[in-house]
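Written out below as structure tokens is the structure these notes cover.
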Amino acid sequence: MFLKGMIYLNYLIELILILLFTIIFGRLFQKFGLPGVVGQLISGVFMGPSILNIVHTGSIISIFSDIGVIILMFIAGLESNLDLLKKYLKPSLFVAILGIIAPILFMYIAGIMHHFSNVESLFIGIIFAATSVSISVEVLREMKELDSVEGITILGAAVADDVLSILALSFAVSFFGVSDVDNTNIIITILLQICFFILIYVLYKIITKWLNLFIKKFNLGITEIAMITCLALSYLAEETSLSAITGAFFAGIIFSRTDFKKDISDKFENIGYSLFIPVFFANVGLNLEISGIINNLLIFVIFTVLAVITKFFGAMLGAKLSKFNSISSMEIGAGMISRGEVGLIIAGIGLNAHLISEGYYSTIIASIVATTLIAPIILRKIILIKKR
């Protein structure tokens, strides 16, 4: 009993340290004109195995982190304009498709040039094809750009990117993975995802029409209903091989069309930013180990540079083809750079399926975290240029 109590006490201390360091680093970076979220990410690197080694990404930290990114993406959906999302669906698809093709192609070539196998080179491309806009969302909110045309296009492209990346992942694992991995049939995956989006549409119709009546009849609070819906759709998204953040984002979209949008937003921001969201940002930094950089320094540099350039220019080209001007196209490209938790998840799946070697796994993780640190800095600079 004493040992169990000590274990939980350690987690409490780690949570205290995370909250303290994310506040300090976040404010410090803002003081020097950098995104506060980068400071929070760096705080994770500082506390983690790379430097102080006082906080570790254990089960409770990971759970809090997962809840944090779900709440963050729910808030993003809540603050999005559905009419603009519909209007800019086509540009979003262009951005997503070209932002996936470029990393897969150039990462594959880089892998082959460094004597990786065809399969490993292809899978590395798939890892870096994924986008996680959770970090970009925070910068867009900080810069009051989340509901702009560029912000809406980034969010729409991220959803399309999520679907396309997961399909590419399913294809790779199904055709090249080993037998001890649960290979999901691609056709079944597509059908499940179609059913998921149909469910979202049905919930959207029910909630926007009957929410007031439901609250009065069952005497439930709007925050509780929103939280249940958010977590349920996040779970179902994961079950259909999409990421939880996609489910959370669409849950936010649903409630953005209700009369309770402002109240829900205030409550979720209080819940999220007081604990869970800072833990998520710090946890990304905790995943960075210096050994992954030192052991394969050249590979790390090449992967990181290619990851940034291919996603930036691929997504930017998609935006240009959709008639965005140069600065807006650059903003959209920068908003798609971060790989974040989606890249980390796909890399983990690849390791378990023996599609990437253990020797390069830490290097790939380090490159994913590096893109997540670089992306918000580039995005903020471009937004500042646009607003001059």
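Each chain of the structure tokens is named A, B, ... in the order shown, its residues numbered from 1; ligands are numbered from 1 in display order.
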Near-Leu28 (chain A) list (12 Å; only C-alpha atoms; drop same-chain fewer than 5 positions) as a ChimeraX atom specification: /A:21-23,33-40,42-43
Go ahead and save the residues from that selection, with N, CA, C and O atoms, as a PDB file, in the first residue's frame.
ATOM      1  N   PHE A  21       6.754  24.261 -15.192  1.00  0.00           N
ATOM      2  CA  PHE A  21       7.724  24.519 -16.257  1.00  0.00           C
ATOM      3  C   PHE A  21       7.048  25.014 -17.543  1.00  0.00           C
ATOM      4  O   PHE A  21       7.617  25.845 -18.256  1.00  0.00           O
ATOM      5  N   THR A  22       5.852  24.512 -17.850  1.00  0.00           N
ATOM      6  CA  THR A  22       5.170  24.991 -19.067  1.00  0.00           C
ATOM      7  C   THR A  22       4.765  26.459 -18.920  1.00  0.00           C
ATOM      8  O   THR A  22       4.827  27.219 -19.888  1.00  0.00           O
ATOM      9  N   ILE A  23       4.372  26.851 -17.714  1.00  0.00           N
ATOM     10  CA  ILE A  23       4.045  28.270 -17.477  1.00  0.00           C
ATOM     11  C   ILE A  23       5.291  29.136 -17.646  1.00  0.00           C
ATOM     12  O   ILE A  23       5.283  30.140 -18.359  1.00  0.00           O
ATOM     13  N   GLY A  33       9.083  37.110 -28.164  1.00  0.00           N
ATOM     14  CA  GLY A  33       8.396  37.173 -29.447  1.00  0.00           C
ATOM     15  C   GLY A  33       8.227  35.842 -30.148  1.00  0.00           C
ATOM     16  O   GLY A  33       7.997  35.795 -31.360  1.00  0.00           O
ATOM     17  N   LEU A  34       8.311  34.739 -29.404  1.00  0.00           N
ATOM     18  CA  LEU A  34       8.133  33.406 -29.965  1.00  0.00           C
ATOM     19  C   LEU A  34       6.814  32.820 -29.460  1.00  0.00           C
ATOM     20  O   LEU A  34       6.306  33.234 -28.417  1.00  0.00           O
ATOM     21  N   PRO A  35       6.241  31.848 -30.191  1.00  0.00           N
ATOM     22  CA  PRO A  35       4.978  31.241 -29.734  1.00  0.00           C
ATOM     23  C   PRO A  35       5.134  30.597 -28.358  1.00  0.00           C
ATOM     24  O   PRO A  35       6.105  29.866 -28.111  1.00  0.00           O
ATOM     25  N   GLY A  36       4.174  30.852 -27.479  1.00  0.00           N
ATOM     26  CA  GLY A  36       4.224  30.254 -26.143  1.00  0.00           C
ATOM     27  C   GLY A  36       4.229  28.741 -26.186  1.00  0.00           C
ATOM     28  O   GLY A  36       4.851  28.085 -25.338  1.00  0.00           O
ATOM     29  N   VAL A  37       3.579  28.164 -27.197  1.00  0.00           N
ATOM     30  CA  VAL A  37       3.507  26.713 -27.302  1.00  0.00           C
ATOM     31  C   VAL A  37       4.891  26.096 -27.531  1.00  0.00           C
ATOM     32  O   VAL A  37       5.168  24.990 -27.072  1.00  0.00           O
ATOM     33  N   VAL A  38       5.777  26.815 -28.222  1.00  0.00           N
ATOM     34  CA  VAL A  38       7.141  26.309 -28.423  1.00  0.00           C
ATOM     35  C   VAL A  38       7.864  26.229 -27.080  1.00  0.00           C
ATOM     36  O   VAL A  38       8.584  25.263 -26.800  1.00  0.00           O
ATOM     37  N   GLY A  39       7.649  27.234 -26.243  1.00  0.00           N
ATOM     38  CA  GLY A  39       8.225  27.194 -24.905  1.00  0.00           C
ATOM     39  C   GLY A  39       7.726  26.007 -24.107  1.00  0.00           C
ATOM     40  O   GLY A  39       8.495  25.351 -23.385  1.00  0.00           O
ATOM     41  N   GLN A  40       6.438  25.695 -24.237  1.00  0.00           N
ATOM     42  CA  GLN A  40       5.880  24.547 -23.529  1.00  0.00           C
ATOM     43  C   GLN A  40       6.452  23.237 -24.048  1.00  0.00           C
ATOM     44  O   GLN A  40       6.708  22.303 -23.273  1.00  0.00           O
ATOM     45  N   ILE A  42       9.468  22.950 -25.431  1.00  0.00           N
ATOM     46  CA  ILE A  42      10.860  22.942 -24.969  1.00  0.00           C
ATOM     47  C   ILE A  42      10.936  22.563 -23.494  1.00  0.00           C
ATOM     48  O   ILE A  42      11.881  21.905 -23.049  1.00  0.00           O
ATOM     49  N   SER A  43       9.924  22.961 -22.721  1.00  0.00           N
ATOM     50  CA  SER A  43       9.921  22.604 -21.291  1.00  0.00           C
ATOM     51  C   SER A  43       9.920  21.087 -21.121  1.00  0.00           C
ATOM     52  O   SER A  43      10.542  20.554 -20.201  1.00  0.00           O
TER      53      SER A  43
END
Shell of 6 Å around Gly44 (chain A), only C-alpha atoms, local chain residues under 4 positions omitted, as a PyMOL selection string: chain A and resi 48+282-283+285-286
Serialized selection, N, CA and C atoms, as a PDB file, in the first residue's frame:
ATOM      1  N   GLY A  48      12.711  16.269 -19.569  1.00  0.00           N
ATOM      2  CA  GLY A  48      12.765  14.874 -19.968  1.00  0.00           C
ATOM      3  C   GLY A  48      14.149  14.257 -19.951  1.00  0.00           C
ATOM      4  N   ALA A 282       3.912  19.466 -23.212  1.00  0.00           N
ATOM      5  CA  ALA A 282       5.142  19.019 -22.559  1.00  0.00           C
ATOM      6  C   ALA A 282       5.485  17.589 -22.952  1.00  0.00           C
ATOM      7  N   ASN A 283       4.464  16.748 -23.098  1.00  0.00           N
ATOM      8  CA  ASN A 283       4.690  15.335 -23.418  1.00  0.00           C
ATOM      9  C   ASN A 283       5.347  15.154 -24.783  1.00  0.00           C
ATOM     10  N   GLY A 285       7.595  17.136 -26.038  1.00  0.00           N
ATOM     11  CA  GLY A 285       9.010  17.358 -25.771  1.00  0.00           C
ATOM     12  C   GLY A 285       9.657  16.226 -25.009  1.00  0.00           C
ATOM     13  N   LEU A 286       8.889  15.581 -24.131  1.00  0.00           N
ATOM     14  CA  LEU A 286       9.427  14.465 -23.357  1.00  0.00           C
ATOM     15  C   LEU A 286       9.847  13.292 -24.243  1.00  0.00           C
TER      16      LEU A 286
END
A:Ala232, A:Leu298, A:Ile253, A:Val163 ranked by distance to Tyr360 (chain A), top pick (using only C-alpha atoms):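 Smallest distance to Tyr360 (chain A) is found for A:Leu298.
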Which of region 211-267 of chain A fall in alpha helix (DSSP H), as a ChimeraX atom specification: /A:211-218,222-239,244-256,261-267
Keeping C-alpha atoms, export the residues of the selection given above as a CSV table (one decimal), in the first residue's frame.
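Once written, again-v1.csv looks like this:
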chain,number,residue,atom,x,y,z
A,211,LEU,CA,-30.5,19.9,-27.7
A,212,ASN,CA,-32.6,22.4,-25.8
A,213,LEU,CA,-35.4,19.9,-25.3
A,214,PHE,CA,-33.0,17.2,-24.3
A,215,ILE,CA,-31.4,19.4,-21.6
A,216,LYS,CA,-34.8,20.4,-20.1
A,217,LYS,CA,-36.2,16.8,-20.1
A,218,PHE,CA,-33.2,15.1,-18.6
A,222,ILE,CA,-24.5,21.4,-21.5
A,223,THR,CA,-20.9,20.9,-20.6
A,224,GLU,CA,-21.5,17.3,-19.6
A,225,ILE,CA,-23.3,16.5,-22.9
A,226,ALA,CA,-20.5,18.2,-24.9
A,227,MET,CA,-17.8,16.3,-23.0
A,228,ILE,CA,-19.6,12.9,-23.5
A,229,THR,CA,-20.1,13.6,-27.2
A,230,CYS,CA,-16.5,14.7,-27.6
A,231,LEU,CA,-15.0,11.6,-25.9
A,232,ALA,CA,-17.4,9.3,-27.6
A,233,LEU,CA,-16.6,10.6,-31.1
A,234,SER,CA,-12.9,10.5,-30.3
A,235,TYR,CA,-13.2,6.9,-29.3
A,236,LEU,CA,-15.2,5.9,-32.3
A,237,ALA,CA,-12.7,7.7,-34.6
A,238,GLU,CA,-9.9,5.6,-33.1
A,239,GLU,CA,-12.1,2.5,-33.6
A,244,ALA,CA,-9.1,10.7,-31.9
A,245,ILE,CA,-8.4,14.3,-32.7
A,246,THR,CA,-10.6,14.0,-35.8
A,247,GLY,CA,-13.5,12.8,-33.8
A,248,ALA,CA,-12.9,15.6,-31.2
A,249,PHE,CA,-12.7,18.2,-34.0
A,250,PHE,CA,-16.1,17.2,-35.5
A,251,ALA,CA,-17.7,17.1,-32.0
A,252,GLY,CA,-16.6,20.7,-31.7
A,253,ILE,CA,-18.1,21.5,-35.1
A,254,ILE,CA,-21.4,20.0,-34.0
A,255,PHE,CA,-21.7,22.1,-30.9
A,256,SER,CA,-20.4,25.3,-32.7
A,261,LYS,CA,-21.2,27.7,-28.1
A,262,LYS,CA,-19.8,30.5,-25.9
A,263,ASP,CA,-20.6,28.7,-22.6
A,264,ILE,CA,-19.1,25.4,-23.8
A,265,SER,CA,-16.0,27.1,-25.1
A,266,ASP,CA,-15.4,28.9,-21.8
A,267,LYS,CA,-15.8,25.7,-19.8
Counting only C-alpha atoms, the option among A:Leu105, A:Val284, A:Ile190, A:Cys195 closest to Ile18 (chain A):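 Result for the nearest residue to Ile18 (chain A): A:Val284.
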Exercise: Gly68 (chain A) partners within 8 Å, only C-alpha atoms, chain neighbours under 3 positions left out, as a VMD selection string: chain A and resid 64 to 65 71 to 72 272 275 to 280
Gap from CA of Leu344 (chain A) to CA of Ile75 (chain A) - Å, one decimal: 22.3 Å
Residues near Leu351 (chain A), cut-off 10 Å, only C-alpha atoms, skip fewer than 6 positions along chain, as a list in words: Gly177, Ile345, Ser357, Glu358, Tyr360 and Tyr361 of chain A
Could those residues be written to a file, using N, CA and C atoms, as a PDB file, in the first residue's frame?
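Output contents, as saved in part08.pdb:
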ATOM      1  N   GLY A 177       3.322  -5.660 -43.538  1.00  0.00           N
ATOM      2  CA  GLY A 177       3.495  -5.949 -42.121  1.00  0.00           C
ATOM      3  C   GLY A 177       3.627  -7.426 -41.852  1.00  0.00           C
ATOM      4  N   ILE A 345       2.448   8.229 -33.348  1.00  0.00           N
ATOM      5  CA  ILE A 345       1.605   7.027 -33.333  1.00  0.00           C
ATOM      6  C   ILE A 345       1.918   6.135 -34.529  1.00  0.00           C
ATOM      7  N   SER A 357      13.280  -0.131 -38.613  1.00  0.00           N
ATOM      8  CA  SER A 357      14.211  -0.803 -37.707  1.00  0.00           C
ATOM      9  C   SER A 357      14.325  -0.063 -36.383  1.00  0.00           C
ATOM     10  N   GLU A 358      14.627  -0.809 -35.319  1.00  0.00           N
ATOM     11  CA  GLU A 358      14.780  -0.208 -33.996  1.00  0.00           C
ATOM     12  C   GLU A 358      15.943   0.781 -33.963  1.00  0.00           C
ATOM     13  N   TYR A 360      16.839   2.979 -36.089  1.00  0.00           N
ATOM     14  CA  TYR A 360      16.515   4.312 -36.589  1.00  0.00           C
ATOM     15  C   TYR A 360      15.232   4.878 -35.987  1.00  0.00           C
ATOM     16  N   TYR A 361      14.592   4.111 -35.120  1.00  0.00           N
ATOM     17  CA  TYR A 361      13.315   4.548 -34.547  1.00  0.00           C
ATOM     18  C   TYR A 361      13.485   5.846 -33.739  1.00  0.00           C
TER      19      TYR A 361
END
A:Lys90, A:Arg257, A:His114, A:Arg339 ranked by distance to Phe128 (chain A), top pick (using only C-alpha atoms): A:Arg339
Polymer residues at most 8 Å from region 310-312 of chain A, only C-alpha atoms, same-chain spacing of 2 or more positions, as a VMD selection string: chain A and resid 99 to 100 102 to 103 106 129 306 to 308 314 to 316 330 333 to 334 336 to 337
Suppose we keep all heavy atoms; can you now write the selection as a compact mmCIF listing (two decimals), in the first residue's frame?
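And here is the file that came out, result-v5.txt:
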# COMPACT_ATOMS: atom_id res chain seq x y z
N GLY A 99 0.29 17.71 -50.02
CA GLY A 99 1.08 17.67 -48.79
C GLY A 99 1.41 16.26 -48.34
O GLY A 99 2.26 16.07 -47.46
N ILE A 100 0.77 15.26 -48.91
CA ILE A 100 1.08 13.86 -48.62
C ILE A 100 2.02 13.27 -49.67
O ILE A 100 2.97 12.55 -49.36
CB ILE A 100 -0.22 13.03 -48.54
CG1 ILE A 100 -0.92 13.29 -47.21
CG2 ILE A 100 0.04 11.53 -48.71
CD1 ILE A 100 -2.25 12.59 -47.06
N ALA A 102 4.28 14.72 -51.63
CA ALA A 102 5.67 15.22 -51.59
C ALA A 102 6.51 14.52 -50.52
O ALA A 102 7.62 14.04 -50.82
CB ALA A 102 5.67 16.74 -51.40
N PRO A 103 6.06 14.41 -49.26
CA PRO A 103 6.88 13.72 -48.26
C PRO A 103 7.10 12.24 -48.58
O PRO A 103 8.21 11.73 -48.40
CB PRO A 103 6.06 13.87 -46.96
CG PRO A 103 5.20 15.05 -47.19
CD PRO A 103 4.87 15.03 -48.65
N PHE A 106 9.77 12.08 -51.59
CA PHE A 106 11.14 12.50 -51.30
C PHE A 106 11.75 11.74 -50.13
O PHE A 106 12.97 11.50 -50.11
CB PHE A 106 11.20 14.01 -51.08
CG PHE A 106 11.06 14.80 -52.34
CD1 PHE A 106 9.83 15.32 -52.73
CD2 PHE A 106 12.15 15.01 -53.17
CE1 PHE A 106 9.70 16.03 -53.91
CE2 PHE A 106 12.03 15.72 -54.36
CZ PHE A 106 10.80 16.23 -54.73
N ALA A 129 4.32 11.80 -43.97
CA ALA A 129 3.19 12.33 -44.74
C ALA A 129 2.08 12.81 -43.81
O ALA A 129 1.28 13.67 -44.17
CB ALA A 129 2.64 11.25 -45.68
N LEU A 306 13.97 17.56 -44.83
CA LEU A 306 13.02 17.09 -45.84
C LEU A 306 11.59 17.12 -45.33
O LEU A 306 10.67 17.46 -46.07
CB LEU A 306 13.39 15.66 -46.28
CG LEU A 306 14.46 15.51 -47.34
CD1 LEU A 306 14.74 14.03 -47.62
CD2 LEU A 306 14.08 16.22 -48.63
N ALA A 307 11.41 16.76 -44.06
CA ALA A 307 10.06 16.77 -43.47
C ALA A 307 9.46 18.16 -43.52
O ALA A 307 8.28 18.33 -43.87
CB ALA A 307 10.11 16.26 -42.03
N VAL A 308 10.25 19.16 -43.19
CA VAL A 308 9.77 20.55 -43.18
C VAL A 308 9.53 21.04 -44.61
O VAL A 308 8.46 21.56 -44.93
CB VAL A 308 10.78 21.48 -42.46
CG1 VAL A 308 10.38 22.94 -42.63
CG2 VAL A 308 10.86 21.13 -40.98
N GLY A 314 4.70 21.25 -50.52
CA GLY A 314 3.59 20.45 -51.06
C GLY A 314 2.25 21.08 -50.75
O GLY A 314 1.41 21.28 -51.64
N ALA A 315 2.05 21.42 -49.47
CA ALA A 315 0.79 22.06 -49.06
C ALA A 315 0.65 23.46 -49.66
O ALA A 315 -0.44 23.88 -50.06
CB ALA A 315 0.72 22.14 -47.52
N MET A 316 1.77 24.18 -49.75
CA MET A 316 1.74 25.51 -50.34
C MET A 316 1.34 25.45 -51.81
O MET A 316 0.55 26.29 -52.28
CB MET A 316 3.11 26.18 -50.20
CG MET A 316 3.12 27.65 -50.60
SD MET A 316 4.72 28.45 -50.34
CE MET A 316 5.62 27.84 -51.75
N MET A 330 1.76 30.32 -48.16
CA MET A 330 2.86 30.03 -47.23
C MET A 330 2.33 29.76 -45.83
O MET A 330 2.83 28.86 -45.13
CB MET A 330 3.84 31.20 -47.21
CG MET A 330 4.66 31.34 -48.49
SD MET A 330 5.60 32.88 -48.53
CE MET A 330 6.74 32.64 -47.17
N GLY A 333 0.92 26.29 -45.88
CA GLY A 333 2.02 25.33 -45.91
C GLY A 333 2.67 25.17 -44.55
O GLY A 333 2.93 24.06 -44.08
N ALA A 334 2.91 26.30 -43.87
CA ALA A 334 3.53 26.26 -42.54
C ALA A 334 2.61 25.58 -41.52
O ALA A 334 3.08 24.86 -40.63
CB ALA A 334 3.86 27.68 -42.08
N MET A 336 0.77 23.13 -41.93
CA MET A 336 0.71 21.68 -42.14
C MET A 336 2.01 20.96 -41.80
O MET A 336 2.09 19.73 -41.90
CB MET A 336 0.34 21.38 -43.61
CG MET A 336 -1.01 21.91 -44.06
SD MET A 336 -2.40 21.14 -43.22
CE MET A 336 -2.37 19.50 -43.96
N ILE A 337 3.05 21.69 -41.40
CA ILE A 337 4.38 21.09 -41.20
C ILE A 337 4.42 20.11 -40.03
O ILE A 337 5.03 19.05 -40.12
CB ILE A 337 5.44 22.19 -40.99
CG1 ILE A 337 5.70 22.95 -42.30
CG2 ILE A 337 6.75 21.60 -40.48
CD1 ILE A 337 6.60 24.17 -42.14
List the spatial neighbours of Leu122 (chain A) as an mmCIF file with N, CA, C and O atoms, in the first residue's frame - criterion: any atom at most 9 Å away, only C-alpha atoms, same-chain residues fewer than 3 positions off excluded.
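Wrote it out as part.cif, contents follow:
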data_model
loop_
_atom_site.group_PDB
_atom_site.id
_atom_site.type_symbol
_atom_site.label_atom_id
_atom_site.label_comp_id
_atom_site.auth_asym_id
_atom_site.auth_seq_id
_atom_site.Cartn_x
_atom_site.Cartn_y
_atom_site.Cartn_z
ATOM 1 N N ILE A 104 6.055 11.544 -49.029
ATOM 2 C CA ILE A 104 6.218 10.121 -49.347
ATOM 3 C C ILE A 104 7.277 9.945 -50.440
ATOM 4 O O ILE A 104 8.181 9.102 -50.333
ATOM 5 N N LEU A 105 7.191 10.743 -51.491
ATOM 6 C CA LEU A 105 8.106 10.623 -52.622
ATOM 7 C C LEU A 105 9.545 10.927 -52.224
ATOM 8 O O LEU A 105 10.456 10.114 -52.451
ATOM 9 N N MET A 107 10.938 11.367 -49.144
ATOM 10 C CA MET A 107 11.447 10.548 -48.043
ATOM 11 C C MET A 107 11.829 9.149 -48.548
ATOM 12 O O MET A 107 12.810 8.561 -48.092
ATOM 13 N N TYR A 108 11.043 8.636 -49.469
ATOM 14 C CA TYR A 108 11.348 7.327 -50.068
ATOM 15 C C TYR A 108 12.694 7.394 -50.796
ATOM 16 O O TYR A 108 13.551 6.516 -50.621
ATOM 17 N N ILE A 109 12.896 8.442 -51.585
ATOM 18 C CA ILE A 109 14.162 8.605 -52.318
ATOM 19 C C ILE A 109 15.331 8.735 -51.349
ATOM 20 O O ILE A 109 16.393 8.117 -51.535
ATOM 21 N N GLY A 111 15.502 7.589 -48.290
ATOM 22 C CA GLY A 111 15.720 6.288 -47.666
ATOM 23 C C GLY A 111 16.514 5.360 -48.562
ATOM 24 O O GLY A 111 17.460 4.683 -48.118
ATOM 25 N N SER A 117 15.736 -0.352 -46.982
ATOM 26 C CA SER A 117 14.991 -1.214 -47.899
ATOM 27 C C SER A 117 13.844 -0.433 -48.526
ATOM 28 O O SER A 117 13.466 0.639 -48.037
ATOM 29 N N ASN A 118 13.280 -0.977 -49.609
ATOM 30 C CA ASN A 118 12.140 -0.332 -50.261
ATOM 31 C C ASN A 118 10.978 -0.149 -49.295
ATOM 32 O O ASN A 118 10.342 0.905 -49.259
ATOM 33 N N VAL A 119 10.690 -1.193 -48.506
ATOM 34 C CA VAL A 119 9.570 -1.164 -47.569
ATOM 35 C C VAL A 119 9.805 -0.130 -46.476
ATOM 36 O O VAL A 119 8.929 0.681 -46.157
ATOM 37 N N GLY A 125 8.323 7.439 -45.444
ATOM 38 C CA GLY A 125 7.565 8.445 -46.188
ATOM 39 C C GLY A 125 6.159 8.606 -45.650
ATOM 40 O O GLY A 125 5.651 9.731 -45.505
ATOM 41 N N ILE A 126 5.521 7.475 -45.313
ATOM 42 C CA ILE A 126 4.151 7.513 -44.772
ATOM 43 C C ILE A 126 4.129 8.191 -43.399
ATOM 44 O O ILE A 126 3.225 8.977 -43.092
ATOM 45 N N ILE A 127 5.140 7.913 -42.581
ATOM 46 C CA ILE A 127 5.222 8.557 -41.265
ATOM 47 C C ILE A 127 5.247 10.071 -41.410
ATOM 48 O O ILE A 127 4.514 10.801 -40.736
ATOM 49 N N ALA A 172 0.073 -0.108 -46.104
ATOM 50 C CA ALA A 172 1.436 -0.547 -45.838
ATOM 51 C C ALA A 172 1.474 -1.715 -44.857
ATOM 52 O O ALA A 172 2.184 -2.705 -45.072
#
Near-region 287-295 of chain A list (9 Å; only C-alpha atoms; drop same-chain fewer than 3 positions) as a PyMOL selection string: chain A and resi 44-45+48-51+56-57+283-284+298-301+344+359-370
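Of the listed residues (A:Val137, A:Leu12, A:Leu169, A:Leu191), A:Leu191 comes nearest to Thr240 (chain A); the distances count only C-alpha atoms.
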Gap from CA of Phe196 (chain A) to CA of Ile332 (chain A) - Å, one decimal: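 Straight-line distance from CA of Phe196 (chain A) to CA of Ile332 (chain A) works out to 27.0 Å.
Among A:Ile188, A:Gly350, A:Gln30, A:Ser328, the residue with the shortest atom-to-atom distance to Val139 (chain A), counting only C-alpha atoms, is A:Gln30.
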Top pick for closest residue to Gln193 (chain A), considering A:Ser241, A:Asn219, A:Ser132, A:Thr208 and counting only C-alpha atoms: A:Ser241
